[in-house]
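Undergrad: data.csv is reproduced below (CSV, C-alpha atoms).
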chain,number,residue,atom,x,y,z
A,1307,MET,CA,7.5,-11.3,34.3
A,1308,PRO,CA,9.3,-14.5,35.2
A,1309,ASN,CA,13.0,-13.9,36.0
A,1310,ASP,CA,14.4,-17.3,35.1
A,1311,ILE,CA,14.8,-18.7,31.6
A,1312,LEU,CA,13.3,-22.1,32.4
A,1313,SER,CA,9.8,-20.7,33.3
A,1314,MET,CA,10.0,-18.4,30.3
A,1315,VAL,CA,10.8,-21.3,28.0
A,1316,ASN,CA,8.0,-23.4,29.6
A,1317,GLU,CA,5.5,-20.7,28.8
A,1318,SER,CA,5.9,-21.8,25.1
A,1319,GLY,CA,3.8,-24.9,25.9
A,1320,GLY,CA,0.6,-23.2,24.7
A,1321,LEU,CA,2.0,-22.3,21.3
A,1322,ASN,CA,1.7,-24.2,18.1
A,1323,ALA,CA,5.2,-25.4,17.2
A,1324,LYS,CA,4.2,-25.7,13.5
A,1325,VAL,CA,4.1,-21.9,13.3
A,1326,PHE,CA,7.8,-21.6,14.0
A,1327,SER,CA,9.3,-21.5,10.6
A,1328,LEU,CA,10.6,-18.3,9.1
A,1329,VAL,CA,8.3,-18.4,6.1
A,1330,ARG,CA,5.2,-19.0,8.3
A,1331,LEU,CA,6.1,-16.3,10.7
A,1332,LYS,CA,6.7,-13.9,7.8
A,1333,LEU,CA,3.3,-14.8,6.4
A,1334,LEU,CA,1.4,-14.5,9.6
A,1335,ALA,CA,3.1,-11.2,10.5
A,1336,SER,CA,2.4,-9.7,7.1
A,1337,LEU,CA,-1.3,-10.8,6.9
A,1338,ALA,CA,-2.0,-9.9,10.5
A,1339,ALA,CA,-1.3,-6.3,9.7
A,1340,LEU,CA,-3.7,-6.2,6.9
A,1341,GLY,CA,-6.7,-7.7,8.8
A,1342,PRO,CA,-9.8,-8.5,6.7
A,1343,ASP,CA,-8.2,-6.8,3.6
A,1344,GLY,CA,-5.7,-9.6,3.1
A,1345,ALA,CA,-3.1,-9.8,0.3
A,1346,THR,CA,-3.0,-11.5,-3.1
A,1347,TYR,CA,-0.7,-14.4,-3.8
A,1348,ARG,CA,1.4,-12.3,-6.2
A,1349,GLU,CA,1.8,-9.5,-3.7
A,1350,LEU,CA,3.0,-12.0,-1.0
A,1351,ARG,CA,5.4,-13.6,-3.5
A,1352,ALA,CA,6.9,-10.3,-4.6
A,1353,ALA,CA,7.1,-8.5,-1.2
A,1354,LEU,CA,8.4,-11.5,0.8
A,1355,ASP,CA,10.7,-12.8,-1.9
A,1356,ILE,CA,9.6,-16.4,-1.4
A,1357,ASN,CA,9.7,-18.8,-4.3
A,1358,ASP,CA,6.4,-20.3,-5.7
A,1359,GLY,CA,6.8,-23.8,-4.3
A,1360,VAL,CA,7.7,-22.8,-0.7
A,1361,LEU,CA,5.1,-20.0,-0.6
A,1362,PHE,CA,2.3,-22.2,-1.9
A,1363,ALA,CA,3.1,-25.1,0.4
A,1364,ASN,CA,3.3,-22.9,3.5
A,1365,LEU,CA,0.1,-21.0,2.7
A,1366,ASN,CA,-1.6,-24.3,2.4
A,1367,VAL,CA,-0.2,-25.5,5.8
A,1368,LEU,CA,-1.5,-22.3,7.5
A,1369,LYS,CA,-4.8,-22.8,5.8
A,1370,GLU,CA,-5.1,-26.4,7.0
A,1371,MET,CA,-4.3,-25.2,10.5
A,1372,GLY,CA,-7.2,-22.7,10.2
A,1373,TYR,CA,-5.0,-19.6,10.4
A,1374,LEU,CA,-5.6,-18.4,6.9
A,1375,ALA,CA,-8.5,-18.3,4.5
A,1376,SER,CA,-8.4,-17.8,0.7
A,1377,GLY,CA,-10.7,-17.0,-2.1
A,1378,LYS,CA,-10.9,-15.7,-5.6
A,1379,ILE,CA,-11.2,-12.0,-6.3
A,1380,THR,CA,-11.2,-9.9,-9.5
A,1381,SER,CA,-8.8,-7.0,-9.9
A,1382,GLU,CA,-8.8,-5.0,-13.2
A,1383,GLY,CA,-10.4,-8.0,-14.9
A,1384,LYS,CA,-7.9,-10.5,-13.6
A,1385,GLU,CA,-8.8,-13.4,-11.3
A,1386,LEU,CA,-6.4,-13.5,-8.3
A,1387,GLU,CA,-6.1,-15.5,-5.1
A,1388,LEU,CA,-6.6,-13.5,-2.0
A,1389,TYR,CA,-5.3,-14.7,1.4
A,1390,THR,CA,-6.6,-13.3,4.7
A,1391,ILE,CA,-5.9,-14.1,8.3
A,1392,THR,CA,-8.6,-15.7,10.3
A,1393,THR,CA,-9.5,-14.9,13.9
A,1394,GLU,CA,-7.7,-18.1,15.0
A,1395,GLY,CA,-4.7,-16.9,13.0
A,1396,GLN,CA,-4.7,-13.5,14.6
A,1397,ASP,CA,-4.9,-15.1,18.1
A,1398,GLU,CA,-2.1,-17.5,17.4
A,1399,TRP,CA,0.1,-14.7,15.9
A,1400,LYS,CA,-0.6,-12.6,19.0
A,1401,ARG,CA,0.3,-15.4,21.4
A,1402,THR,CA,3.5,-16.2,19.3
A,1403,ARG,CA,4.5,-12.6,19.2
A,1404,THR,CA,4.0,-12.0,22.8
A,1405,TRP,CA,6.0,-15.0,23.7
A,1406,LEU,CA,8.8,-14.1,21.3
A,1407,CYS,CA,9.0,-10.6,22.7
A,1408,ARG,CA,9.2,-11.9,26.3
A,1409,PHE,CA,11.8,-14.5,25.3
A,1410,LEU,CA,14.0,-12.1,23.4
A,1411,HIS,CA,13.9,-9.5,26.1
A,1412,CYS,CA,14.9,-12.1,28.5
A,1413,GLY,CA,17.7,-13.2,26.2
A,1414,ALA,CA,19.0,-9.7,25.9
B,402,MET,CA,-12.0,11.0,3.9
B,403,ILE,CA,-15.6,10.5,3.0
B,404,ALA,CA,-15.7,14.1,1.7
B,405,PHE,CA,-12.8,13.3,-0.6
B,406,PHE,CA,-14.6,10.2,-1.9
B,407,ARG,CA,-17.6,12.4,-2.6
B,408,GLU,CA,-15.6,15.1,-4.3
B,409,LEU,CA,-13.9,12.3,-6.5
B,410,ASP,CA,-17.3,10.7,-7.2
B,411,PHE,CA,-15.9,7.5,-5.9
B,412,HIS,CA,-18.8,5.1,-5.0
B,413,PHE,CA,-17.0,2.8,-2.6
B,414,ASN,CA,-18.1,-0.8,-2.2
B,415,ILE,CA,-16.4,-2.7,0.7
B,416,GLY,CA,-16.9,-6.0,-1.1
B,417,ALA,CA,-14.8,-5.0,-4.1
B,418,PHE,CA,-11.1,-5.6,-3.8
B,419,ASP,CA,-10.3,-2.8,-6.3
B,420,ASP,CA,-12.3,-0.3,-4.3
B,421,ARG,CA,-10.5,-1.1,-1.1
B,422,LEU,CA,-7.2,-0.8,-3.0
B,423,ILE,CA,-8.3,2.6,-4.5
B,424,ALA,CA,-9.3,3.9,-1.1
B,425,GLN,CA,-5.9,3.0,0.4
B,426,LYS,CA,-3.9,4.5,-2.4
B,427,LEU,CA,-6.0,7.7,-2.5
B,428,VAL,CA,-5.3,8.2,1.1
B,429,CYS,CA,-1.6,7.6,0.7
B,430,LEU,CA,-1.3,10.0,-2.2
B,431,LEU,CA,-3.2,12.7,-0.4
B,432,GLU,CA,-1.1,12.3,2.7
B,433,LEU,CA,2.1,12.4,0.6
B,434,ARG,CA,0.7,15.7,-0.9
B,435,GLY,CA,0.6,17.1,2.6
B,436,ILE,CA,-3.0,16.6,3.5
B,437,ASP,CA,-3.4,15.2,7.0
B,438,LEU,CA,-6.2,12.7,7.0
B,439,GLY,CA,-5.1,10.9,10.1
B,440,TYR,CA,-4.2,7.8,8.2
B,441,PRO,CA,-0.4,7.7,8.0
B,442,CYS,CA,0.9,5.0,5.6
B,443,SER,CA,3.8,2.6,6.0
B,444,VAL,CA,5.1,-0.1,3.7
B,445,TYR,CA,3.4,-3.5,4.0
B,446,VAL,CA,3.3,-6.5,1.6
B,447,ARG,CA,0.7,-4.5,-0.4
B,448,GLY,CA,3.0,-1.4,-0.6
B,449,PRO,CA,2.1,1.8,1.2
B,450,TYR,CA,-0.9,1.0,3.3
B,451,SER,CA,-2.8,2.3,6.4
B,452,PRO,CA,-4.2,-0.5,8.7
B,453,ASP,CA,-6.1,2.3,10.5
B,454,LEU,CA,-8.0,3.1,7.4
B,455,THR,CA,-8.8,-0.6,6.9
B,456,LEU,CA,-10.3,-0.7,10.4
B,457,ASP,CA,-12.4,2.4,9.7
B,458,LEU,CA,-13.5,1.2,6.3
B,459,TYR,CA,-14.9,-1.9,8.0
B,460,ALA,CA,-16.2,-0.2,11.1
B,461,PHE,CA,-18.0,2.6,9.2
B,462,THR,CA,-18.8,0.8,6.0
B,463,ARG,CA,-22.3,2.4,5.7
B,464,GLU,CA,-21.0,5.9,5.9
B,465,PHE,CA,-18.2,5.2,3.4
B,466,GLU,CA,-20.6,3.5,1.0
B,467,THR,CA,-23.3,6.1,1.2
B,468,LEU,CA,-20.8,9.0,1.3
B,469,GLU,CA,-22.5,10.3,4.4
B,470,THR,CA,-20.6,13.1,6.1
B,471,SER,CA,-21.1,16.6,7.3
B,472,SER,CA,-17.5,17.5,6.5
B,473,ARG,CA,-16.7,19.8,3.7
B,474,LEU,CA,-13.4,20.2,1.9
B,475,ASN,CA,-11.5,23.5,2.1
B,476,PRO,CA,-10.2,25.1,-1.2
B,477,THR,CA,-6.8,23.4,-0.9
B,478,GLU,CA,-8.3,20.0,-0.3
B,479,LYS,CA,-10.8,20.5,-3.1
B,480,GLU,CA,-7.9,21.4,-5.5
B,481,ALA,CA,-5.9,18.3,-4.5
B,482,ALA,CA,-9.0,16.1,-5.0
B,483,GLY,CA,-9.6,17.6,-8.4
B,484,GLU,CA,-6.1,17.0,-9.5
B,485,LEU,CA,-6.0,13.5,-8.1
B,486,GLY,CA,-9.2,12.6,-10.0
B,487,ARG,CA,-8.0,14.3,-13.2
B,488,ILE,CA,-4.5,12.8,-13.2
B,489,PHE,CA,-5.2,9.2,-12.0
B,490,GLY,CA,-8.9,8.8,-12.9
B,491,LEU,CA,-9.5,6.3,-10.0
B,492,LYS,CA,-7.5,3.6,-11.9
B,493,PRO,CA,-6.2,1.0,-9.4
B,494,VAL,CA,-2.9,0.2,-11.1
B,495,LEU,CA,-1.9,3.8,-11.7
B,496,LEU,CA,-2.8,4.7,-8.1
B,497,GLU,CA,-0.9,1.7,-6.7
B,498,VAL,CA,2.2,2.4,-8.8
B,499,GLY,CA,2.0,6.2,-8.1
B,500,ALA,CA,1.5,5.8,-4.4
B,501,THR,CA,4.4,3.3,-4.1
B,502,TYR,CA,6.8,5.5,-6.1
B,503,GLY,CA,5.7,8.6,-4.2
B,504,TYR,CA,6.2,6.9,-0.8
B,505,TYR,CA,9.7,5.9,-1.6
B,506,ALA,CA,10.6,9.2,-3.2
B,507,ILE,CA,9.1,11.4,-0.5
B,508,ARG,CA,8.8,9.5,2.8
B,509,GLN,CA,12.0,7.4,2.3
B,510,GLU,CA,13.8,10.2,0.5
B,511,CYS,CA,15.0,7.7,-2.2
B,512,ASP,CA,16.5,9.1,-5.4
B,513,PRO,CA,14.3,8.6,-8.5
B,514,LEU,CA,16.2,5.4,-9.6
B,515,GLU,CA,16.0,3.8,-6.2
B,516,ALA,CA,12.3,4.6,-5.9
B,517,LEU,CA,11.8,3.0,-9.4
B,518,ARG,CA,13.7,-0.1,-8.2
B,519,GLN,CA,11.5,-0.4,-5.2
B,520,VAL,CA,8.3,-0.1,-7.3
B,521,LYS,CA,9.6,-2.9,-9.6
B,522,ARG,CA,10.5,-5.0,-6.6
B,523,LEU,CA,7.1,-4.7,-4.9
B,524,LYS,CA,5.0,-4.7,-8.1
B,525,PRO,CA,6.8,-7.0,-10.6
B,526,PHE,CA,3.4,-8.1,-11.9
B,527,TYR,CA,2.8,-4.7,-13.6
B,528,SER,CA,4.2,-4.0,-17.1
B,529,GLU,CA,7.0,-1.5,-17.8
B,530,ALA,CA,4.4,0.7,-19.5
B,531,GLN,CA,2.0,0.6,-16.5
B,532,ILE,CA,4.9,1.5,-14.1
B,533,ALA,CA,6.2,4.3,-16.4
B,534,LEU,CA,2.7,5.8,-16.6
B,535,GLY,CA,2.0,5.5,-12.9
B,536,ILE,CA,5.3,7.2,-12.0
B,537,SER,CA,4.7,10.0,-14.5
B,538,LYS,CA,1.2,10.5,-12.9
B,539,ALA,CA,2.8,10.5,-9.4
B,540,LYS,CA,5.3,13.1,-10.5
B,541,GLU,CA,2.5,15.3,-11.9
B,542,PHE,CA,0.5,15.1,-8.7
B,543,LEU,CA,3.2,15.2,-6.1
B,544,PHE,CA,6.0,17.3,-7.4
B,545,GLN,CA,4.9,20.8,-8.2
B,546,PRO,CA,7.6,22.6,-10.1
B,547,THR,CA,9.1,25.6,-8.2
B,548,LYS,CA,9.8,28.9,-9.8
B,549,ARG,CA,13.5,27.8,-10.0
B,550,ASP,CA,12.6,24.5,-11.7
B,551,ARG,CA,10.6,26.4,-14.3
B,552,GLU,CA,13.5,28.8,-14.9
B,553,THR,CA,16.0,25.9,-15.3
B,554,LEU,CA,13.6,24.1,-17.6
B,555,LYS,CA,13.2,27.3,-19.7
B,556,LYS,CA,16.9,27.7,-19.9
B,557,GLU,CA,17.4,24.0,-21.0
B,558,THR,CA,14.6,24.1,-23.6
B,559,GLY,CA,15.2,27.6,-24.8
B,560,ILE,CA,17.8,26.7,-27.3
B,561,TRP,CA,15.5,24.1,-28.9
B,562,GLN,CA,12.6,26.5,-28.9
B,563,ARG,CA,14.7,29.2,-30.7
B,564,ALA,CA,16.0,26.7,-33.2
B,565,SER,CA,12.5,25.5,-34.0
B,566,LEU,CA,11.3,29.1,-34.4
B,567,GLN,CA,14.3,29.8,-36.7
B,568,SER,CA,13.4,26.7,-38.8
B,569,LEU,CA,9.9,28.0,-39.2
B,570,GLU,CA,11.2,31.3,-40.7
B,571,HIS,CA,12.9,29.4,-43.5
Now that the file is in, can you turn its structure into structure tokens?
TA:
Amino acid sequence: MPNDILSMVNESGGLNAKVFSLVRLKLLASLAALGPDGATYRELRAALDINDGVLFANLNVLKEMGYLASGKITSEGKELELYTITTEGQDEWKRTRTWLCRFLHCGA
Amino acid sequence: MIAFFRELDFHFNIGAFDDRLIAQKLVCLLELRGIDLGYPCSVYVRGPYSPDLTLDLYAFTREFETLETSSRLNPTEKEAAGELGRIFGLKPVLLEVGATYGYYAIRQECDPLEALRQVKRLKPFYSEAQIALGISKAKEFLFQPTKRDRETLKKETGIWQRASLQSLEH
């Protein structure tokens, strides 16, 4: 593990800076834990307490980056939108998480 | 777990969202009832949930879908499965509300009002009636009245029972 802050900070070069917003980190972390099962739009909105506009916009950004996929499912006769994390999304989340852990440990 | 699916006559289909939801909530309710299935649940955006179960459902899809297992349930497990099927009837909404309420009441040791508040926070898209019914099912399945509970209830309702018997005499 590098023992100086500069080399630690420079390790962030391989990360996607667009992931670093609280909402996107919350979404990636939540969906990474569910794997191929994913979560519906209404579950994400309720559990993460994010308003419609912000949630929809950020889900779309993550989809455009190839980190999330979405599709229609039917539950109890209702059509819902299901979001799942892609392999690229899992990889990016893993990289981000690893770097954050190292960074925060260093900061502490 | 497959033996429970078989006992419940639950024909699991990995492609059906509701079936994956039912599987998750069945496991959670059985674990809350004290049956160790090896799939501990924690709270995720979907409520009480076991990522390990998801991994196994996808890794052993054929076995889960064909209910292929050599395991047999013991009498206690059989009784729990029977009650689970009778009380919830494999209905996704009731299972989801019931498992969420049970998780907060038992695992997080919340009082009934706080557990209800958490259910409403995580599942605001369900109606008051669905939530009330799911919670009542959870209580029926998870909270077995003790001898003391029965005696207290008898004492509380005794006065009404006597009054109603008296009114029948007139």
Undergrad: Define the interface residues of chain B facing chain A as those within 10 Å, counting only C-alpha atoms, and report them as a VMD selection string.
TA: chain B and resid 415 to 422 444 to 448 450 to 453 455 to 456 458 to 459 492 to 494 521 to 526
Undergrad: Between atom CA of B:Ala516 and atom CA of B:Leu485, what is the distance in Å, rounded to a tenth?
TA: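 Computing the Euclidean distance for atom CA of B:Ala516 and atom CA of B:Leu485 yields 20.5 Å.
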Undergrad: Could you pull the residues within 9 Å of B:Ala539, counting all atoms listed in the file, minus those fewer than 5 positions along the same chain, as JSON, numbers by chain?
TA: {"B": [430, 488, 489, 495, 496, 498, 499, 500, 502, 503, 534, 544]}
Undergrad: Please provide the set of residues having any atom within 8 Å of B:Tyr440, restricted to all atoms listed in the file, with same-chain residues fewer than 3 positions apart removed, written as a list in words.
TA: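 Those residues are Val428, Cys429, Glu432, Asp437, Ser451, Asp453 and Leu454 of chain B.
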Undergrad: Between atom CA of B:Met402 and atom CA of B:Glu466, measure the distance and give it in Å to one decimal.
TA: 11.8 Å
Undergrad: Could you check the closest approach to B:Asn475 for each of B:Glu570, B:Glu515, B:Glu408, B:Glu557 and tell me which residue wins, using all atoms listed in the file?
TA: B:Glu408
Undergrad: Rounded to one decimal, what separation in Å do you get between atom CA of A:Arg1401 and atom CA of A:Phe1326?
TA: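 About the pair atom CA of A:Arg1401 and atom CA of A:Phe1326: they are 12.2 Å apart.
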Undergrad: Just want the 12 Å neighbourhood of A:Ser1327, counted on all atoms listed in the file, with same-chain residues fewer than 5 positions away dropped. Output as a ChimeraX atom specification.
TA: /A:1322,1332-1334,1360,1364,1367-1368,1402
Undergrad: Compare A:Leu1321, A:Leu1328, A:Leu1386, A:Leu1361 by their minimum atom-to-atom distance to A:Lys1400, counting all atoms listed in the file, and give me the closest one.
TA: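 Closest candidate: A:Leu1321.
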Undergrad: Considering all atoms listed in the file, return as a PDB file with C-alpha atoms, in the frame of the given file whatever protein or nucleic-acid residues lie within 7 Å of A:Leu1374, sequence-local ones (same chain, fewer than 5 positions apart) excluded.
TA:
ATOM      1  CA  LEU A1368      -1.500 -22.300   7.500  1.00  0.00           C
ATOM      2  CA  LYS A1369      -4.800 -22.800   5.800  1.00  0.00           C
ATOM      3  CA  TYR A1389      -5.300 -14.700   1.400  1.00  0.00           C
ATOM      4  CA  THR A1390      -6.600 -13.300   4.700  1.00  0.00           C
ATOM      5  CA  ILE A1391      -5.900 -14.100   8.300  1.00  0.00           C
ATOM      6  CA  THR A1392      -8.600 -15.700  10.300  1.00  0.00           C
ATOM      7  CA  GLY A1395      -4.700 -16.900  13.000  1.00  0.00           C
TER       8      GLY A1395
END
Undergrad: Of the residues B:Glu464, B:Glu484, B:Asp512, B:Glu497, which is the one nearest to B:Ile532, using all atoms listed in the file?
TA: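 Smallest distance to B:Ile532 is found for B:Glu497.
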Undergrad: Within 9 Å of A:Trp1399, counting only C-alpha atoms, which residues qualify if same-chain residues fewer than 4 places away don't, as a PyMOL selection string?
TA: chain A and resi 1325+1331+1334-1335+1338+1373+1394-1395+1403-1404
